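Accompanying notes for the structure given below.
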Amino acid sequence: MRTSRGLKRALACGLAMGALLSGCATTGETGGDNGASAEGEKERVQLTRGLNAYENPDPFPSTYQPLPSANTAFVGATILTATGQRIDNGVVLVSNGRIQSVGPAGTAVPGGYQSVDASGRYITPGIIDVHSHLGVYPSPGVQGMSDGNEATSPNTAQVWAEHSVWPQDPGFNAARAGGITSLLILPGSANLFGGRGVTLRNVPSVTMQGMKFPEAPHVIKMACGENPSRVYGGRNQSPATGMGNVAGYRSAFIAARDYARKWDKWREDGEGEPPTRNLQNETLAGVLDGEILVHNHCYRADEMAVMIDIAKEFGYEISTFHHAIESYKVAPLLREEDICSAMWTGWWGFKMEALDGIEENPAIVHASGACAIVHSDDATLIQRLNQEAAAALSAGRRAGLTISEEEAIAWITANPARAMGIADQTGTLEAGKRADLVIWSANPFSVYARADQVYVDGALTYDRFDPSRQPASDFELGQPGYGMRPASVQEQRRYGPMAANSSTNGGAR
């Protein structure tokens, strides 16, 4: 649906431009001084660079290049593919940074492949966090680096989080040690429209563009509930209430719809002066076209229902509700509308709209057939998303929901990839996808599990046992604990059966 809308607009603009250009062409039959146009032909105003977004839709392109990798066979592990499949003693073949095949122990390994013995361990897709503020709220946490919230107006759809990302944030390295291979960086939630987010590859880089996930869709961060009404109500301006929030969304989309209409008309007929480019309306017009995915901070079930109604009024779609503490109350509605819920397991009660949080939330959403995601929104929790997912899985099982680990691993891999519009590239272990994977010391749903090795596009980007594969930020140098060996656990491959037996209660705590 999103693609077809954008394609229709592109085709319409292309056809109109082609007609105008052909109309301005001269032939020997028409004659005229200096190639004058025939009667009725229109001369299009030529916009200078930067005034027409359609001429340069990607002004800050990705420069990401995968790190060097080798053709590799990972053998002997228990593999959770995030497609609902579990393969004991399996084989993953990686070639040219892509997954070549995933299969059982008998899978043939081509000649010339490096072999990684993962016996007694687990392999999953790389972990993906759909809600992070790394780089925009980096460490050290000082005012001069607090760049995640343009809290100056209820509508700041014109700002892009990528222009606040500081790639040297030590949090990226810590997250990689927790298995994070891709993450969505969002602006904060002070505003009704907080701005665009950016999807990053979790690799060391001196520039944001060097981390930017190639061709990942743009997203916008919206926020409902207490945050915008508290921030702006506290300044004695609108919105100060829930109804003020809703009026703000509707007014903004009305303006964006009118803005898009004016640009479409100018592109079609070329008459008069073109509209002045407006970055705020441009972003929201992209939402209405389906080209920019909506990620909506929203805690309460009743407010989610209202946001769905607004989306229907203006004809856009919601990708994901974030925090979504009350998703369990409207899980069938979310399934029907094909909206994901990005949730915590243990965070609740810290404000009124978070009062009804329950640990079973992700499990109930999943069991209802809706899209469940476990997210962080935190520089520390992002390092332990596997444990957060394990807690939700365990809570669901205690409530009588029978959910397997091979299903639940999708909460931190396949489902966030789907919500971010990159599921065709990553999130599952399937042939043709990027070779983003983690080798775990034990069952990833165990509190004892640690990421031993992390691969991004088939390249080893973190190794718990090799200091040369543990990148450090300048701001980590000389800090307490710097240079110390990472905390270790006993592994079956080195010391005995501890790792194999470390998963209790089916691996979920």
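Here's how to read the names in the structure tokens: chain A, B, ... by the order shown, residue numbers from 1 in each chain, ligand numbers from 1 in the order shown.
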
Residue neighbourhood Thr81 (chain A), 6 Å, only C-alpha atoms, exclusion window fewer than 2 positions, as a list in words:
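In the requested format, the answer is Ile79, Thr83, Gln85, Thr428 and Leu429 of chain A.
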
Identify, on the basis of only C-alpha atoms, every residue whose closest approach to Ala324 (chain A) does not exceed 9 Å; exclude the query and any residue fewer than 5 positions from it along the same chain; express the result as number ranges by chain.
A: 297-301, 304, 341-344, 354, 357, 361

Generate a file of the selected residues that holds C-alpha atoms, formatted as an mmCIF file, in the first residue's frame.
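Resulting contents of part-v7.cif:
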data_model
loop_
_atom_site.group_PDB
_atom_site.id
_atom_site.type_symbol
_atom_site.label_atom_id
_atom_site.label_comp_id
_atom_site.auth_asym_id
_atom_site.auth_seq_id
_atom_site.Cartn_x
_atom_site.Cartn_y
_atom_site.Cartn_z
ATOM 1 C CA HIS A 297 4.796 6.931 21.392
ATOM 2 C CA CYS A 298 1.495 5.911 23.036
ATOM 3 C CA TYR A 299 0.888 4.189 26.372
ATOM 4 C CA ARG A 300 -2.870 3.877 26.848
ATOM 5 C CA ALA A 301 -5.263 1.603 24.976
ATOM 6 C CA MET A 304 -4.150 4.069 20.639
ATOM 7 C CA SER A 341 3.628 -2.814 19.711
ATOM 8 C CA ALA A 342 7.100 -2.031 21.048
ATOM 9 C CA MET A 343 7.045 -2.778 24.781
ATOM 10 C CA TRP A 344 9.051 -3.151 27.940
ATOM 11 C CA ALA A 354 2.088 3.789 32.774
ATOM 12 C CA GLY A 357 1.674 -2.141 32.796
ATOM 13 C CA ASN A 361 2.121 -7.634 27.819
#

Using only C-alpha atoms, tabulate the residues of region 200-261 of chain A lying at most 12 Å from any atom of region 434-449 of chain A, each with its closest atom pair and that distance in Å to one decimal, by chain and increasing residue number, as CSV.
residue,atom,partner,partner_atom,distance
A:Arg201,CA,A:Asp436,CA,10.0
A:Asn202,CA,A:Asp436,CA,10.4
A:Val203,CA,A:Asp436,CA,11.6
A:Phe213,CA,A:Arg434,CA,11.6
A:Pro214,CA,A:Arg434,CA,11.9

Resulting file, chosen residues, all heavy atoms, as a compact mmCIF listing (two decimals), in the first residue's frame:
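Heads up, here's the output in again28.txt:
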# COMPACT_ATOMS: atom_id res chain seq x y z
N ARG A 201 23.31 0.96 11.26
CA ARG A 201 24.05 -0.28 11.44
C ARG A 201 24.97 -0.05 12.63
O ARG A 201 25.62 1.00 12.72
CB ARG A 201 24.87 -0.61 10.20
CG ARG A 201 24.08 -0.63 8.91
CD ARG A 201 23.14 -1.82 8.87
NE ARG A 201 23.85 -3.03 8.49
CZ ARG A 201 23.47 -4.26 8.82
NH1 ARG A 201 22.41 -4.44 9.58
NH2 ARG A 201 24.14 -5.31 8.42
N ASN A 202 25.06 -1.00 13.53
CA ASN A 202 25.86 -0.78 14.73
C ASN A 202 27.31 -1.17 14.49
O ASN A 202 27.80 -2.20 14.94
CB ASN A 202 25.29 -1.57 15.91
CG ASN A 202 25.88 -1.09 17.23
OD1 ASN A 202 26.53 -0.04 17.29
ND2 ASN A 202 25.65 -1.85 18.28
N VAL A 203 28.00 -0.30 13.74
CA VAL A 203 29.41 -0.50 13.42
C VAL A 203 30.17 0.77 13.80
O VAL A 203 29.60 1.86 13.78
CB VAL A 203 29.61 -0.80 11.93
CG1 VAL A 203 28.97 -2.12 11.55
CG2 VAL A 203 29.08 0.32 11.05
N PHE A 213 21.79 2.88 7.69
CA PHE A 213 21.36 1.67 7.00
C PHE A 213 20.94 2.04 5.57
O PHE A 213 20.00 2.80 5.37
CB PHE A 213 20.18 1.05 7.75
CG PHE A 213 19.92 -0.40 7.44
CD1 PHE A 213 19.97 -1.35 8.45
CD2 PHE A 213 19.61 -0.82 6.15
CE1 PHE A 213 19.73 -2.69 8.18
CE2 PHE A 213 19.36 -2.15 5.87
CZ PHE A 213 19.43 -3.09 6.89
N PRO A 214 21.62 1.50 4.56
CA PRO A 214 21.30 1.90 3.18
C PRO A 214 19.85 1.59 2.82
O PRO A 214 19.35 0.50 3.04
CB PRO A 214 22.26 1.04 2.34
CG PRO A 214 23.38 0.68 3.27
CD PRO A 214 22.75 0.56 4.61

List the spatial neighbours of Ser164 (chain A) as a tab-separated table (two decimals) with all heavy atoms, in the first residue's frame - criterion: any atom at most 12 Å away, only C-alpha atoms, same-chain residues fewer than 4 positions off excluded.
chain	number	residue	atom	x	y	z
A	133	HIS	N	17.90	5.96	21.81
A	133	HIS	CA	18.34	7.35	21.73
A	133	HIS	C	19.86	7.45	21.80
A	133	HIS	O	20.40	8.52	22.10
A	133	HIS	CB	17.72	8.17	22.85
A	133	HIS	CG	16.22	8.21	22.82
A	133	HIS	ND1	15.52	8.78	21.78
A	133	HIS	CD2	15.29	7.73	23.68
A	133	HIS	CE1	14.21	8.66	22.00
A	133	HIS	NE2	14.06	8.01	23.15
A	134	LEU	N	20.55	6.33	21.53
A	134	LEU	CA	22.00	6.39	21.49
A	134	LEU	C	22.43	7.40	20.44
A	134	LEU	O	21.82	7.54	19.38
A	134	LEU	CB	22.59	5.02	21.16
A	134	LEU	CG	22.44	3.92	22.21
A	134	LEU	CD1	23.13	2.64	21.74
A	134	LEU	CD2	23.01	4.36	23.56
A	135	GLY	N	23.48	8.12	20.74
A	135	GLY	CA	23.99	9.11	19.81
A	135	GLY	C	23.33	10.46	19.90
A	135	GLY	O	23.99	11.48	19.69
A	136	VAL	N	22.03	10.51	20.23
A	136	VAL	CA	21.36	11.80	20.41
A	136	VAL	C	21.26	12.16	21.88
A	136	VAL	O	21.12	13.34	22.22
A	136	VAL	CB	19.97	11.82	19.74
A	136	VAL	CG1	20.10	11.61	18.25
A	136	VAL	CG2	19.02	10.81	20.35
A	137	TYR	N	21.28	11.18	22.76
A	137	TYR	CA	21.47	11.38	24.20
A	137	TYR	C	22.66	10.50	24.60
A	137	TYR	O	22.51	9.48	25.27
A	137	TYR	CB	20.23	10.97	24.99
A	137	TYR	CG	19.08	11.93	24.89
A	137	TYR	CD1	17.85	11.53	24.38
A	137	TYR	CD2	19.22	13.24	25.33
A	137	TYR	CE1	16.79	12.42	24.29
A	137	TYR	CE2	18.16	14.13	25.24
A	137	TYR	CZ	16.95	13.72	24.72
A	137	TYR	OH	15.90	14.60	24.64
A	138	PRO	N	23.86	10.88	24.19
A	138	PRO	CA	25.01	10.00	24.39
A	138	PRO	C	25.63	10.13	25.78
A	138	PRO	O	25.23	10.97	26.58
A	138	PRO	CB	25.99	10.49	23.32
A	138	PRO	CG	25.70	11.96	23.23
A	138	PRO	CD	24.22	12.11	23.46
A	144	GLY	N	25.64	19.83	26.79
A	144	GLY	CA	26.14	20.11	25.45
A	144	GLY	C	25.93	18.97	24.48
A	144	GLY	O	26.07	19.16	23.27
A	145	MET	N	25.62	17.76	24.98
A	145	MET	CA	25.40	16.61	24.12
A	145	MET	C	23.95	16.15	24.14
A	145	MET	O	23.63	15.12	23.54
A	145	MET	CB	26.30	15.45	24.57
A	145	MET	CG	27.79	15.77	24.59
A	145	MET	SD	28.46	16.02	22.93
A	145	MET	CE	28.50	14.35	22.34
A	146	SER	N	23.07	16.88	24.81
A	146	SER	CA	21.67	16.48	24.92
A	146	SER	C	20.91	16.99	23.71
A	146	SER	O	20.33	18.06	23.72
A	146	SER	CB	21.07	17.05	26.22
A	146	SER	OG	19.73	16.66	26.36
A	147	ASP	N	20.90	16.18	22.65
A	147	ASP	CA	20.42	16.65	21.35
A	147	ASP	C	19.21	15.87	20.85
A	147	ASP	O	18.93	15.88	19.65
A	147	ASP	CB	21.54	16.51	20.31
A	147	ASP	CG	22.47	17.71	20.30
A	147	ASP	OD1	22.20	18.68	21.03
A	147	ASP	OD2	23.47	17.66	19.57
A	148	GLY	N	18.46	15.22	21.73
A	148	GLY	CA	17.41	14.33	21.27
A	148	GLY	C	16.01	14.91	21.23
A	148	GLY	O	15.10	14.27	20.71
A	149	ASN	N	15.80	16.11	21.77
A	149	ASN	CA	14.45	16.65	21.86
A	149	ASN	C	14.44	18.12	21.44
A	149	ASN	O	14.95	18.97	22.17
A	149	ASN	CB	13.93	16.53	23.30
A	149	ASN	CG	12.59	15.85	23.38
A	149	ASN	OD1	11.75	15.97	22.49
A	149	ASN	ND2	12.36	15.13	24.47
A	150	GLU	N	13.87	18.42	20.29
A	150	GLU	CA	13.71	19.80	19.86
A	150	GLU	C	12.41	20.32	20.47
A	150	GLU	O	11.41	20.55	19.78
A	150	GLU	CB	13.67	19.86	18.33
A	150	GLU	CG	13.59	21.26	17.75
A	150	GLU	CD	14.86	22.07	17.94
A	150	GLU	OE1	15.94	21.48	18.17
A	150	GLU	OE2	14.78	23.30	17.85
A	159	VAL	N	12.66	18.40	11.84
A	159	VAL	CA	13.99	18.02	12.29
A	159	VAL	C	14.23	16.53	12.03
A	159	VAL	O	13.29	15.73	11.98
A	159	VAL	CB	14.21	18.35	13.77
A	159	VAL	CG1	13.98	19.84	14.03
A	159	VAL	CG2	13.34	17.51	14.69
A	160	TRP	N	15.51	16.18	11.87
A	160	TRP	CA	15.91	14.79	11.62
A	160	TRP	C	16.88	14.37	12.72
A	160	TRP	O	17.91	15.02	12.93
A	160	TRP	CB	16.59	14.65	10.26
A	160	TRP	CG	15.75	14.96	9.06
A	160	TRP	CD1	14.59	15.71	9.03
A	160	TRP	CD2	16.00	14.54	7.72
A	160	TRP	NE1	14.11	15.78	7.75
A	160	TRP	CE2	14.95	15.07	6.92
A	160	TRP	CE3	16.99	13.78	7.12
A	160	TRP	CZ2	14.89	14.85	5.55
A	160	TRP	CZ3	16.92	13.56	5.75
A	160	TRP	CH2	15.88	14.08	4.97
A	168	GLN	N	30.49	8.66	18.18
A	168	GLN	CA	31.46	8.21	19.17
A	168	GLN	C	30.82	7.85	20.51
A	168	GLN	O	31.53	7.51	21.46
A	168	GLN	CB	32.52	9.27	19.40
A	168	GLN	CG	33.42	9.52	18.19
A	168	GLN	CD	34.52	10.51	18.52
A	168	GLN	OE1	35.40	10.24	19.34
A	168	GLN	NE2	34.48	11.66	17.88
A	169	ASP	N	29.50	7.90	20.60
A	169	ASP	CA	28.82	7.52	21.84
A	169	ASP	C	29.28	6.13	22.27
A	169	ASP	O	29.10	5.16	21.52
A	169	ASP	CB	27.31	7.54	21.60
A	169	ASP	CG	26.50	7.22	22.85
A	169	ASP	OD1	27.10	6.92	23.91
A	169	ASP	OD2	25.26	7.25	22.75
A	185	ILE	N	17.18	5.06	15.77
A	185	ILE	CA	17.42	6.21	16.65
A	185	ILE	C	16.28	7.20	16.45
A	185	ILE	O	16.05	7.69	15.34
A	185	ILE	CB	18.76	6.88	16.34
A	185	ILE	CG1	19.91	5.86	16.35
A	185	ILE	CG2	19.02	8.00	17.35
A	185	ILE	CD1	20.08	5.12	17.66
A	186	LEU	N	15.57	7.50	17.52
A	186	LEU	CA	14.41	8.38	17.46
A	186	LEU	C	14.65	9.67	18.24
A	186	LEU	O	15.39	9.66	19.23
A	186	LEU	CB	13.19	7.66	18.06
A	186	LEU	CG	12.67	6.45	17.29
A	186	LEU	CD1	11.66	5.68	18.13
A	186	LEU	CD2	12.05	6.87	15.96
A	187	PRO	N	14.02	10.77	17.81
A	187	PRO	CA	14.01	11.95	18.67
A	187	PRO	C	13.12	11.70	19.88
A	187	PRO	O	12.42	10.68	19.95
A	187	PRO	CB	13.44	13.04	17.76
A	187	PRO	CG	12.63	12.30	16.75
A	187	PRO	CD	13.28	10.96	16.57
A	188	GLY	N	13.13	12.62	20.81
A	188	GLY	CA	12.36	12.44	22.04
A	188	GLY	C	10.88	12.62	21.83
A	188	GLY	O	10.38	12.78	20.72
A	195	GLY	N	9.89	14.61	14.95
A	195	GLY	CA	10.85	14.64	13.86
A	195	GLY	C	11.12	13.25	13.31
A	195	GLY	O	10.52	12.27	13.73
A	196	ARG	N	12.02	13.19	12.35
A	196	ARG	CA	12.34	11.92	11.72
A	196	ARG	C	13.38	11.14	12.53
A	196	ARG	O	14.26	11.72	13.15
A	196	ARG	CB	12.90	12.14	10.31
A	196	ARG	CG	11.95	12.85	9.37
A	196	ARG	CD	12.39	12.69	7.92
A	196	ARG	NE	11.75	13.66	7.05
A	196	ARG	CZ	11.72	13.58	5.72
A	196	ARG	NH1	12.33	12.57	5.12
A	196	ARG	NH2	11.13	14.51	5.00
A	197	GLY	N	13.26	9.82	12.52
A	197	GLY	CA	14.27	8.95	13.09
A	197	GLY	C	15.20	8.45	12.00
A	197	GLY	O	15.01	8.70	10.81
A	198	VAL	N	16.24	7.70	12.42
A	198	VAL	CA	17.19	7.15	11.46
A	198	VAL	C	17.58	5.74	11.89
A	198	VAL	O	17.80	5.47	13.06
A	198	VAL	CB	18.44	8.05	11.33
A	198	VAL	CG1	19.19	8.18	12.66
A	198	VAL	CG2	19.37	7.54	10.23
A	207	THR	N	31.38	9.02	11.18
A	207	THR	CA	30.27	9.84	10.71
A	207	THR	C	28.97	9.08	10.87
A	207	THR	O	28.94	7.85	10.86
A	207	THR	CB	30.43	10.22	9.22
A	207	THR	OG1	30.33	9.04	8.42
A	207	THR	CG2	31.76	10.90	8.97
A	208	MET	N	27.89	9.84	10.96
A	208	MET	CA	26.56	9.22	10.99
A	208	MET	C	26.30	8.50	9.68
A	208	MET	O	25.74	7.39	9.66
A	208	MET	CB	25.51	10.31	11.24
A	208	MET	CG	24.07	9.87	11.11
A	208	MET	SD	23.43	9.86	9.39
A	208	MET	CE	23.56	11.58	8.95
A	209	GLN	N	26.68	9.11	8.57
A	209	GLN	CA	26.41	8.50	7.27
A	209	GLN	C	27.09	7.14	7.13
A	209	GLN	O	26.59	6.26	6.43
A	209	GLN	CB	26.87	9.41	6.13
A	209	GLN	CG	26.09	10.71	6.01
A	209	GLN	CD	26.75	11.85	6.78
A	209	GLN	OE1	27.37	11.64	7.81
A	209	GLN	NE2	26.62	13.07	6.26

Quick one: residues within 12 Å of Ser153 (chain A), only C-alpha atoms counted, chain neighbours fewer than 5 positions away excluded, as a ChimeraX atom specification?
/A:158-159,189-195,228-229,231-233,235,237-239,248,280

If we count only C-alpha atoms, what is near Pro362 (chain A) at a cut-off of 7 Å, once residues fewer than 5 positions away on the same chain are taken out, given as a list of chain:residue names?
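Selected residues are A:Met343, A:Ala372, A:Ile373, A:Ala392.
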
Which is closer to Asn173 (chain A) than all the others in A:Ala423, A:Leu401, A:Ala151, A:Ala379, using only C-alpha atoms?
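Closest candidate: A:Ala379.
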
Which distance in Å separates CA of Ala255 (chain A) and CA of Glu55 (chain A), to one decimal?
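Computing the Euclidean distance for CA of Ala255 (chain A) and CA of Glu55 (chain A) yields 22.2 Å.
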